[in-house]
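Novice: Input structure: target23.txt, which contains compact mmCIF, C-alpha atoms.
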# COMPACT_ATOMS: atom_id res chain seq x y z
CA MET A 1 -15.75 -101.31 -63.41
CA GLY A 2 -14.62 -102.61 -60.02
CA ASP A 3 -16.94 -100.46 -57.93
CA ARG A 4 -19.99 -100.44 -60.16
CA PRO A 5 -23.38 -100.76 -58.44
CA GLU A 6 -24.76 -104.21 -57.71
CA ILE A 7 -27.92 -105.44 -59.46
CA ARG A 8 -31.09 -105.16 -57.30
CA ALA A 9 -34.31 -107.18 -57.37
CA GLY A 10 -36.29 -106.39 -60.54
CA GLU A 11 -33.33 -105.03 -62.45
CA VAL A 12 -32.47 -106.44 -65.89
CA ALA A 13 -29.02 -106.34 -67.51
CA LEU A 14 -28.08 -106.86 -71.16
CA GLY A 15 -25.49 -109.56 -70.60
CA HIS A 16 -22.77 -107.45 -72.16
CA ASP A 17 -21.33 -103.96 -71.64
CA PRO A 18 -22.24 -101.47 -74.41
CA GLY A 19 -19.02 -99.63 -73.59
CA ASP A 20 -17.02 -102.58 -74.93
CA THR A 21 -18.14 -101.98 -78.53
CA PRO A 22 -17.97 -98.22 -79.15
CA ASP A 23 -19.20 -96.61 -82.37
CA ALA A 24 -17.71 -93.17 -81.66
CA GLY A 25 -15.32 -91.55 -79.23
CA ILE A 26 -15.88 -88.90 -76.55
CA THR A 27 -13.03 -86.61 -75.58
CA PHE A 28 -13.12 -85.10 -72.12
CA ILE A 29 -12.94 -81.32 -72.54
CA GLY A 30 -12.52 -80.58 -68.83
CA ARG A 31 -13.58 -81.52 -65.32
CA ILE A 32 -16.31 -80.40 -62.93
CA ARG A 33 -14.93 -79.31 -59.56
CA SER A 34 -17.76 -79.89 -57.11
CA PRO A 35 -17.90 -80.17 -53.31
CA TRP A 36 -19.27 -83.72 -53.59
CA SER A 37 -17.93 -87.21 -53.26
CA ARG A 38 -19.41 -90.66 -52.59
CA GLY A 39 -21.50 -90.40 -49.44
CA ASP A 40 -22.34 -86.69 -49.46
CA CYS A 41 -23.50 -86.03 -53.04
CA PRO A 42 -27.02 -84.54 -53.32
CA LYS A 43 -29.54 -86.89 -54.97
CA ASN A 44 -30.57 -84.32 -57.59
CA ILE A 45 -29.81 -80.79 -58.66
CA GLY A 46 -32.68 -79.33 -56.63
CA ARG A 47 -31.08 -80.66 -53.45
CA ALA A 48 -27.69 -79.43 -54.65
CA ARG A 49 -29.12 -75.90 -55.06
CA GLU A 50 -30.59 -76.04 -51.56
CA THR A 51 -27.08 -76.44 -50.13
CA GLY A 52 -26.11 -73.05 -51.54
CA GLN A 53 -22.82 -74.51 -52.79
CA GLY A 54 -21.78 -73.82 -56.35
CA ALA A 55 -19.30 -75.62 -58.57
CA ARG A 56 -16.66 -74.83 -61.18
CA ILE A 57 -16.13 -76.15 -64.68
CA GLU A 58 -12.40 -76.28 -65.47
CA LEU A 59 -11.87 -76.66 -69.21
CA ALA A 60 -8.70 -77.71 -70.96
CA PRO A 61 -6.85 -74.47 -71.94
CA GLU A 62 -7.27 -75.11 -75.68
CA TYR A 63 -11.06 -74.56 -75.30
CA ALA A 64 -10.78 -71.12 -73.61
CA GLN A 65 -11.75 -69.22 -76.78
CA ALA A 66 -14.83 -71.43 -77.23
CA LEU A 67 -16.41 -69.59 -74.26
CA THR A 68 -16.60 -66.32 -76.24
CA GLY A 69 -20.16 -64.99 -76.13
CA LEU A 70 -21.32 -66.67 -72.90
CA SER A 71 -22.48 -64.35 -70.09
CA VAL A 72 -22.91 -64.41 -66.34
CA GLY A 73 -26.55 -65.15 -65.47
CA GLN A 74 -27.10 -67.23 -68.59
CA PRO A 75 -28.48 -70.78 -68.27
CA ILE A 76 -26.46 -73.48 -70.01
CA LEU A 77 -26.90 -77.16 -70.75
CA LEU A 78 -24.01 -79.00 -69.14
CA GLN A 79 -23.31 -82.52 -70.43
CA TYR A 80 -20.99 -84.69 -68.38
CA TRP A 81 -19.77 -88.28 -68.31
CA MET A 82 -20.82 -90.45 -65.39
CA ASP A 83 -17.66 -92.52 -65.37
CA ARG A 84 -18.68 -94.75 -62.46
CA ALA A 85 -22.02 -95.81 -63.95
CA ARG A 86 -22.89 -99.27 -65.22
CA ARG A 87 -23.96 -99.31 -68.87
CA ASP A 88 -25.71 -102.67 -69.14
CA LEU A 89 -29.01 -102.03 -67.26
CA VAL A 90 -32.29 -101.86 -69.21
CA MET A 91 -34.58 -102.09 -66.13
CA GLN A 92 -33.66 -100.40 -62.87
CA ALA A 93 -35.13 -100.31 -59.37
CA PRO A 94 -34.00 -97.03 -57.79
CA ARG A 95 -34.73 -96.69 -54.08
CA HIS A 96 -37.02 -93.68 -54.65
CA ALA A 97 -39.31 -95.50 -57.14
CA GLU A 98 -42.15 -97.90 -56.32
CA GLY A 99 -41.06 -100.61 -58.75
CA PRO A 100 -38.57 -101.25 -61.54
CA ARG A 101 -38.67 -98.91 -64.53
CA GLY A 102 -36.96 -98.79 -67.90
CA THR A 103 -33.65 -96.99 -68.08
CA PHE A 104 -35.01 -94.47 -70.62
CA ALA A 105 -37.80 -93.51 -68.18
CA LEU A 106 -35.24 -92.66 -65.47
CA ARG A 107 -32.53 -90.02 -64.97
CA SER A 108 -30.26 -92.59 -63.33
CA PRO A 109 -26.55 -92.26 -64.25
CA ASN A 110 -26.64 -95.96 -65.19
CA ARG A 111 -27.46 -96.09 -68.93
CA PRO A 112 -25.90 -97.36 -72.18
CA ASN A 113 -24.20 -94.00 -72.74
CA PRO A 114 -23.80 -92.29 -69.36
CA VAL A 115 -24.00 -88.68 -70.61
CA SER A 116 -25.90 -86.70 -67.97
CA VAL A 117 -27.52 -83.36 -68.78
CA SER A 118 -28.30 -80.54 -66.34
CA THR A 119 -29.49 -76.98 -66.84
CA VAL A 120 -27.31 -74.74 -64.67
CA VAL A 121 -26.69 -71.00 -64.43
CA ILE A 122 -23.34 -69.25 -65.02
CA THR A 123 -22.35 -67.30 -61.89
CA ALA A 124 -18.85 -66.25 -63.01
CA LEU A 125 -16.65 -66.59 -66.09
CA ASP A 126 -12.88 -66.48 -66.44
CA PRO A 127 -12.08 -66.88 -70.13
CA GLU A 128 -8.31 -66.65 -69.56
CA ALA A 129 -8.36 -69.50 -67.05
CA ALA A 130 -11.00 -71.36 -69.11
CA THR A 131 -13.29 -71.72 -66.09
CA ILE A 132 -17.04 -71.26 -65.62
CA ASP A 133 -18.59 -71.06 -62.17
CA ILE A 134 -22.13 -72.45 -61.94
CA ASP A 135 -24.90 -72.24 -59.36
CA ALA A 136 -24.99 -75.95 -58.48
CA ILE A 137 -24.37 -79.49 -59.68
CA ASP A 138 -25.15 -82.95 -58.31
CA CYS A 139 -22.11 -84.93 -59.42
CA PHE A 140 -18.82 -85.95 -57.84
CA ASP A 141 -15.73 -83.77 -57.92
CA HIS A 142 -13.61 -84.38 -61.04
CA THR A 143 -16.51 -85.63 -63.21
CA PRO A 144 -15.46 -85.32 -66.88
CA VAL A 145 -17.15 -82.64 -69.01
CA VAL A 146 -18.53 -83.58 -72.46
CA ASP A 147 -20.10 -80.32 -73.68
CA ILE A 148 -21.52 -76.90 -72.81
CA LYS A 149 -24.34 -75.30 -74.81
CA PRO A 150 -26.52 -72.22 -74.33
CA TRP A 151 -29.97 -73.19 -72.97
CA LEU A 152 -32.60 -71.98 -75.44
CA GLU A 153 -36.28 -71.94 -74.59
CA THR A 154 -37.23 -72.75 -78.20
CA VAL A 155 -35.14 -75.95 -78.18
CA ASP A 156 -35.06 -77.00 -74.55
CA ALA A 157 -38.52 -76.28 -73.15
CA PRO A 158 -41.33 -78.64 -74.20
CA PRO A 159 -43.53 -77.10 -76.93
CA ALA A 160 -46.61 -75.29 -75.59
CA MET B 1 -14.30 -86.39 -92.64
CA GLY B 2 -14.42 -85.94 -96.39
CA ASP B 3 -17.52 -83.76 -96.53
CA ARG B 4 -16.98 -81.75 -93.37
CA PRO B 5 -17.81 -78.06 -93.56
CA GLU B 6 -15.13 -75.64 -94.72
CA ILE B 7 -13.67 -73.02 -92.37
CA ARG B 8 -15.20 -69.53 -92.81
CA ALA B 9 -13.71 -66.11 -92.10
CA GLY B 10 -13.38 -65.57 -88.35
CA GLU B 11 -13.49 -69.24 -87.48
CA VAL B 12 -10.73 -70.78 -85.37
CA ALA B 13 -9.74 -74.45 -85.35
CA LEU B 14 -7.68 -76.38 -82.80
CA GLY B 15 -5.16 -77.80 -85.22
CA HIS B 16 -6.09 -81.36 -84.30
CA ASP B 17 -9.29 -83.41 -84.18
CA PRO B 18 -10.51 -84.18 -80.64
CA GLY B 19 -12.13 -87.31 -82.05
CA ASP B 20 -8.68 -88.77 -82.68
CA THR B 21 -7.90 -89.09 -78.97
CA PRO B 22 -11.03 -90.47 -77.27
CA ASP B 23 -11.31 -90.85 -73.50
CA ALA B 24 -14.54 -92.89 -73.57
CA GLY B 25 -16.72 -94.69 -76.10
CA ILE B 26 -20.27 -94.00 -77.28
CA THR B 27 -22.39 -96.89 -78.50
CA PHE B 28 -25.18 -96.06 -80.93
CA ILE B 29 -28.41 -97.38 -79.39
CA GLY B 30 -30.54 -96.76 -82.49
CA ARG B 31 -31.24 -94.36 -85.35
CA ILE B 32 -33.56 -91.40 -85.90
CA ARG B 33 -35.75 -91.85 -88.98
CA SER B 34 -36.57 -88.33 -90.13
CA PRO B 35 -37.89 -86.85 -93.39
CA TRP B 36 -34.72 -84.76 -93.74
CA SER B 37 -31.53 -84.94 -95.74
CA ARG B 38 -28.87 -82.44 -96.80
CA GLY B 39 -30.64 -79.57 -98.57
CA ASP B 40 -34.10 -79.82 -96.99
CA CYS B 41 -33.35 -80.13 -93.26
CA PRO B 42 -35.00 -77.44 -91.09
CA LYS B 43 -32.50 -75.08 -89.42
CA ASN B 44 -33.88 -75.69 -85.94
CA ILE B 45 -36.56 -77.68 -84.16
CA GLY B 46 -39.04 -74.81 -84.23
CA ARG B 47 -38.94 -74.85 -88.04
CA ALA B 48 -39.18 -78.64 -88.00
CA ARG B 49 -42.36 -78.41 -85.90
CA GLU B 50 -43.83 -75.89 -88.32
CA THR B 51 -43.64 -78.50 -91.11
CA GLY B 52 -46.03 -80.75 -89.17
CA GLN B 53 -43.81 -83.74 -89.95
CA GLY B 54 -42.86 -86.05 -87.10
CA ALA B 55 -40.03 -88.55 -86.83
CA ARG B 56 -39.37 -92.01 -85.42
CA ILE B 57 -36.66 -93.29 -83.09
CA GLU B 58 -35.77 -96.89 -83.98
CA LEU B 59 -33.85 -98.49 -81.13
CA ALA B 60 -31.82 -101.68 -81.27
CA PRO B 61 -34.12 -104.53 -80.11
CA GLU B 62 -32.09 -105.21 -76.97
CA TYR B 63 -33.18 -101.81 -75.59
CA ALA B 64 -36.95 -102.41 -76.00
CA GLN B 65 -37.48 -103.09 -72.29
CA ALA B 66 -35.68 -99.86 -71.38
CA LEU B 67 -38.75 -97.93 -72.66
CA THR B 68 -40.92 -99.28 -69.81
CA GLY B 69 -42.58 -96.39 -68.02
CA LEU B 70 -42.52 -93.84 -70.84
CA SER B 71 -45.90 -92.46 -72.01
CA VAL B 72 -47.43 -90.82 -75.05
CA GLY B 73 -47.55 -87.04 -74.54
CA GLN B 74 -44.46 -87.02 -72.36
CA PRO B 75 -41.54 -84.71 -73.22
CA ILE B 76 -38.14 -86.40 -73.46
CA LEU B 77 -34.57 -85.26 -73.85
CA LEU B 78 -33.21 -86.86 -77.00
CA GLN B 79 -29.42 -86.98 -77.37
CA TYR B 80 -28.03 -87.82 -80.79
CA TRP B 81 -24.67 -87.95 -82.50
CA MET B 82 -24.00 -85.44 -85.29
CA ASP B 83 -21.76 -87.73 -87.27
CA ARG B 84 -21.04 -85.25 -90.06
CA ALA B 85 -19.87 -82.43 -87.78
CA ARG B 86 -16.35 -81.14 -87.48
CA ARG B 87 -14.95 -81.35 -83.96
CA ASP B 88 -12.02 -78.97 -84.11
CA LEU B 89 -13.72 -75.53 -84.17
CA VAL B 90 -13.48 -73.25 -81.12
CA MET B 91 -14.79 -70.11 -82.88
CA GLN B 92 -17.55 -70.31 -85.48
CA ALA B 93 -19.23 -67.86 -87.84
CA PRO B 94 -22.71 -69.21 -88.55
CA ARG B 95 -24.62 -67.44 -91.31
CA HIS B 96 -27.38 -66.35 -88.89
CA ALA B 97 -25.00 -64.60 -86.45
CA GLU B 98 -23.49 -61.14 -86.79
CA GLY B 99 -19.92 -62.21 -86.05
CA PRO B 100 -17.90 -65.19 -84.89
CA ARG B 101 -18.84 -66.73 -81.55
CA GLY B 102 -17.36 -69.42 -79.32
CA THR B 103 -18.53 -72.96 -79.93
CA PHE B 104 -19.93 -73.25 -76.38
CA ALA B 105 -22.12 -70.16 -76.99
CA LEU B 106 -23.70 -71.81 -80.06
CA ARG B 107 -25.96 -74.81 -80.73
CA SER B 108 -24.04 -75.64 -83.89
CA PRO B 109 -23.51 -79.38 -84.50
CA ASN B 110 -19.81 -78.62 -84.90
CA ARG B 111 -18.25 -79.09 -81.43
CA PRO B 112 -15.57 -81.22 -79.71
CA ASN B 113 -18.20 -83.84 -78.83
CA PRO B 114 -21.09 -83.56 -81.30
CA VAL B 115 -23.86 -84.79 -78.97
CA SER B 116 -26.95 -82.71 -79.78
CA VAL B 117 -29.84 -82.39 -77.33
CA SER B 118 -33.47 -81.64 -78.17
CA THR B 119 -36.63 -81.68 -76.08
CA VAL B 120 -39.30 -83.54 -78.06
CA VAL B 121 -42.70 -85.02 -77.29
CA ILE B 122 -43.63 -88.71 -77.58
CA THR B 123 -46.57 -89.09 -80.00
CA ALA B 124 -46.64 -92.92 -80.14
CA LEU B 125 -44.81 -95.83 -78.52
CA ASP B 126 -44.32 -99.40 -79.73
CA PRO B 127 -42.35 -101.23 -77.04
CA GLU B 128 -42.34 -104.51 -78.98
CA ALA B 129 -40.80 -102.88 -82.04
CA ALA B 130 -38.59 -100.68 -79.82
CA THR B 131 -39.78 -97.51 -81.58
CA ILE B 132 -40.82 -94.08 -80.31
CA ASP B 133 -42.60 -91.59 -82.54
CA ILE B 134 -41.84 -87.94 -81.76
CA ASP B 135 -43.42 -84.65 -82.75
CA ALA B 136 -40.44 -83.27 -84.68
CA ILE B 137 -36.66 -83.28 -85.07
CA ASP B 138 -34.20 -81.19 -87.08
CA CYS B 139 -31.59 -83.79 -88.03
CA PHE B 140 -30.92 -85.98 -91.04
CA ASP B 141 -32.49 -89.38 -91.54
CA HIS B 142 -30.42 -92.17 -89.93
CA THR B 143 -28.76 -89.92 -87.32
CA PRO B 144 -27.40 -92.17 -84.52
CA VAL B 145 -29.15 -92.04 -81.13
CA VAL B 146 -27.07 -91.67 -77.94
CA ASP B 147 -29.69 -91.52 -75.17
CA ILE B 148 -33.32 -90.87 -74.21
CA LYS B 149 -34.29 -89.40 -70.83
CA PRO B 150 -37.54 -88.09 -69.35
CA TRP B 151 -37.64 -84.27 -69.42
CA LEU B 152 -38.03 -83.03 -65.84
CA GLU B 153 -38.85 -79.42 -65.06
CA THR B 154 -36.78 -79.55 -61.86
CA VAL B 155 -33.64 -80.56 -63.76
CA ASP B 156 -34.17 -79.16 -67.25
CA ALA B 157 -35.78 -75.76 -66.78
CA PRO B 158 -33.57 -72.92 -65.53
CA PRO B 159 -34.11 -72.23 -61.82
CA ALA B 160 -36.66 -69.50 -61.09
Show this structure as structure tokens.
Specialist:
Amino acid sequence: MGDRPEIRAGEVALGHDPGDTPDAGITFIGRIRSPWSRGDCPKNIGRARETGQGARIELAPEYAQALTGLSVGQPILLQYWMDRARRDLVMQAPRHAEGPRGTFALRSPNRPNPVSVSTVVITALDPEAATIDIDAIDCFDHTPVVDIKPWLETVDAPPA
Amino acid sequence: MGDRPEIRAGEVALGHDPGDTPDAGITFIGRIRSPWSRGDCPKNIGRARETGQGARIELAPEYAQALTGLSVGQPILLQYWMDRARRDLVMQAPRHAEGPRGTFALRSPNRPNPVSVSTVVITALDPEAATIDIDAIDCFDHTPVVDIKPWLETVDAPPA
């Protein structure tokens, strides 16, 4: 964790790294190919969409068949692993917020299990190459992919 | 994986278990206390809501402060670990579907990384006890918790 973010005023850390004592293992099923790197990555997916630049999910070939049934135009939940995050913060002071807030009240990548979730739209599918093009994403190029699921209003929208 | 589901007609498995070769570690931050066990668990969160029975998230005490800033009535994304799932299926034939479909086109708990996501509503908060009551959930009692995030329309609803 050589380049992990420094602690700011008002932030609180656990005193240990939750990643050091895992209860279960994640396997990376692919990588996100995005236009972004440190310094030019949009702050959120809204800003990423405004750039007009899409991204590509490149899955490991063994998962190609697992795309069967997905369609262009469909929204999906994309879960990905923020491998540069720090996992020990319980209170954080992001620059955009007025004061420190709890990690579970923030969408910061820094969290005990850095699995980010975004709702994105499929713009192209190549099942043979095991790739999915999506409308936008706000993470660095080569970010590991954890899962892809169909977005379902009955599960993913708050109840009326 | 002694009690993992059997393979049905039309299902396709990888031939190895992705959980055997982890790239990163998940730490369980707490447990979901639900009314459900094998045999009486609702098939989806809509059915769970119809029962009128809520659930409780019990976090490890060290994460209590991380709840700061969450509010009753707020929708959250709850990520949890389906520890009884099988991780090697790329095609699945659920009873409700007409034919086999790819794992990434289904919300089945059986997937390479069994991290489920549901949007639920906070009905009560006890920061000292590190508990969150929620309106409903469709998983077994004692399911491990991976993460809690605020649900944000700009990130979690499909773009207009």
Novice: Pull the neighbourhood of (-23.4, -84.3, -79.8) for me: all residues within 9 Å in file coordinates, counting all atoms listed in the file, as a PyMOL selection string.
Specialist: (chain A and resi 146-147) or (chain B and resi 79-83+85+109-117+146)
Novice: What residues in chain B have any atom no more than 7 Å from chain A when counting only C-alpha atoms, and can you write them as an mmCIF file with C-alpha atoms, in the frame of the given file?
Specialist:
data_model
loop_
_atom_site.group_PDB
_atom_site.id
_atom_site.type_symbol
_atom_site.label_atom_id
_atom_site.label_comp_id
_atom_site.auth_asym_id
_atom_site.auth_seq_id
_atom_site.Cartn_x
_atom_site.Cartn_y
_atom_site.Cartn_z
ATOM 1 C CA PRO B 18 -10.510 -84.180 -80.640
ATOM 2 C CA GLY B 19 -12.130 -87.310 -82.050
ATOM 3 C CA THR B 21 -7.900 -89.090 -78.970
ATOM 4 C CA PRO B 22 -11.030 -90.470 -77.270
ATOM 5 C CA ASP B 23 -11.310 -90.850 -73.500
ATOM 6 C CA ALA B 24 -14.540 -92.890 -73.570
ATOM 7 C CA GLY B 25 -16.720 -94.690 -76.100
ATOM 8 C CA ILE B 26 -20.270 -94.000 -77.280
ATOM 9 C CA THR B 27 -22.390 -96.890 -78.500
ATOM 10 C CA PHE B 28 -25.180 -96.060 -80.930
ATOM 11 C CA ILE B 45 -36.560 -77.680 -84.160
ATOM 12 C CA GLY B 46 -39.040 -74.810 -84.230
ATOM 13 C CA TYR B 63 -33.180 -101.810 -75.590
ATOM 14 C CA GLN B 65 -37.480 -103.090 -72.290
ATOM 15 C CA ALA B 66 -35.680 -99.860 -71.380
ATOM 16 C CA LEU B 67 -38.750 -97.930 -72.660
ATOM 17 C CA THR B 68 -40.920 -99.280 -69.810
ATOM 18 C CA GLY B 69 -42.580 -96.390 -68.020
ATOM 19 C CA LEU B 70 -42.520 -93.840 -70.840
ATOM 20 C CA PRO B 75 -41.540 -84.710 -73.220
ATOM 21 C CA VAL B 90 -13.480 -73.250 -81.120
ATOM 22 C CA MET B 91 -14.790 -70.110 -82.880
ATOM 23 C CA ARG B 101 -18.840 -66.730 -81.550
ATOM 24 C CA GLY B 102 -17.360 -69.420 -79.320
ATOM 25 C CA THR B 103 -18.530 -72.960 -79.930
ATOM 26 C CA PHE B 104 -19.930 -73.250 -76.380
ATOM 27 C CA ALA B 105 -22.120 -70.160 -76.990
ATOM 28 C CA LEU B 106 -23.700 -71.810 -80.060
ATOM 29 C CA ARG B 107 -25.960 -74.810 -80.730
ATOM 30 C CA ASN B 113 -18.200 -83.840 -78.830
ATOM 31 C CA SER B 118 -33.470 -81.640 -78.170
ATOM 32 C CA THR B 119 -36.630 -81.680 -76.080
ATOM 33 C CA VAL B 120 -39.300 -83.540 -78.060
ATOM 34 C CA VAL B 146 -27.070 -91.670 -77.940
ATOM 35 C CA ASP B 147 -29.690 -91.520 -75.170
ATOM 36 C CA ILE B 148 -33.320 -90.870 -74.210
ATOM 37 C CA LYS B 149 -34.290 -89.400 -70.830
ATOM 38 C CA PRO B 150 -37.540 -88.090 -69.350
ATOM 39 C CA THR B 154 -36.780 -79.550 -61.860
ATOM 40 C CA VAL B 155 -33.640 -80.560 -63.760
ATOM 41 C CA ASP B 156 -34.170 -79.160 -67.250
ATOM 42 C CA ALA B 157 -35.780 -75.760 -66.780
ATOM 43 C CA PRO B 158 -33.570 -72.920 -65.530
#
Novice: B:Pro35, B:Gly52, B:Pro42, B:Pro61: which is nearest Ala130 (chain B), counting all atoms listed in the file?
Specialist: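 Nearest candidate to Ala130 (chain B) out of B:Pro35, B:Gly52, B:Pro42, B:Pro61: B:Pro61.
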Novice: So how many Å separate CA of Thr131 (chain A) and CA of Arg95 (chain B), to one decimal?
Specialist: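 If I compute the distance from CA of Thr131 (chain A) to CA of Arg95 (chain B), I get 28.0 Å.
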Novice: At a cut-off of 10 Å, using all atoms listed in the file, what residues contact Asp141 (chain A)? Leave out same-chain residues fewer than 6 positions from it and give the result as a list in words.
Specialist: Arg31, Ile32, Arg33, Ser34, Pro35, Trp36, Ser37, Arg38, Cys41, Ala55 and Arg56 of chain A
Novice: Work out how far CA of Glu58 (chain A) is from CA of Pro5 (chain B), in Å to one decimal.
Specialist: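 CA of Pro5 (chain B) sits 28.7 Å away from CA of Glu58 (chain A).
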Novice: Which residue gives the smallest distance to His96 (chain B) among B:Ala48, B:Glu128, B:Lys43, B:Ile134, with all atoms listed in the file counted?
Specialist: B:Lys43
Novice: Any idea what the distance is between CA of Leu78 (chain B) and CA of Ala160 (chain B)?
Specialist: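 Taking CA of Leu78 (chain B) and CA of Ala160 (chain B), their separation equals 23.8 Å.
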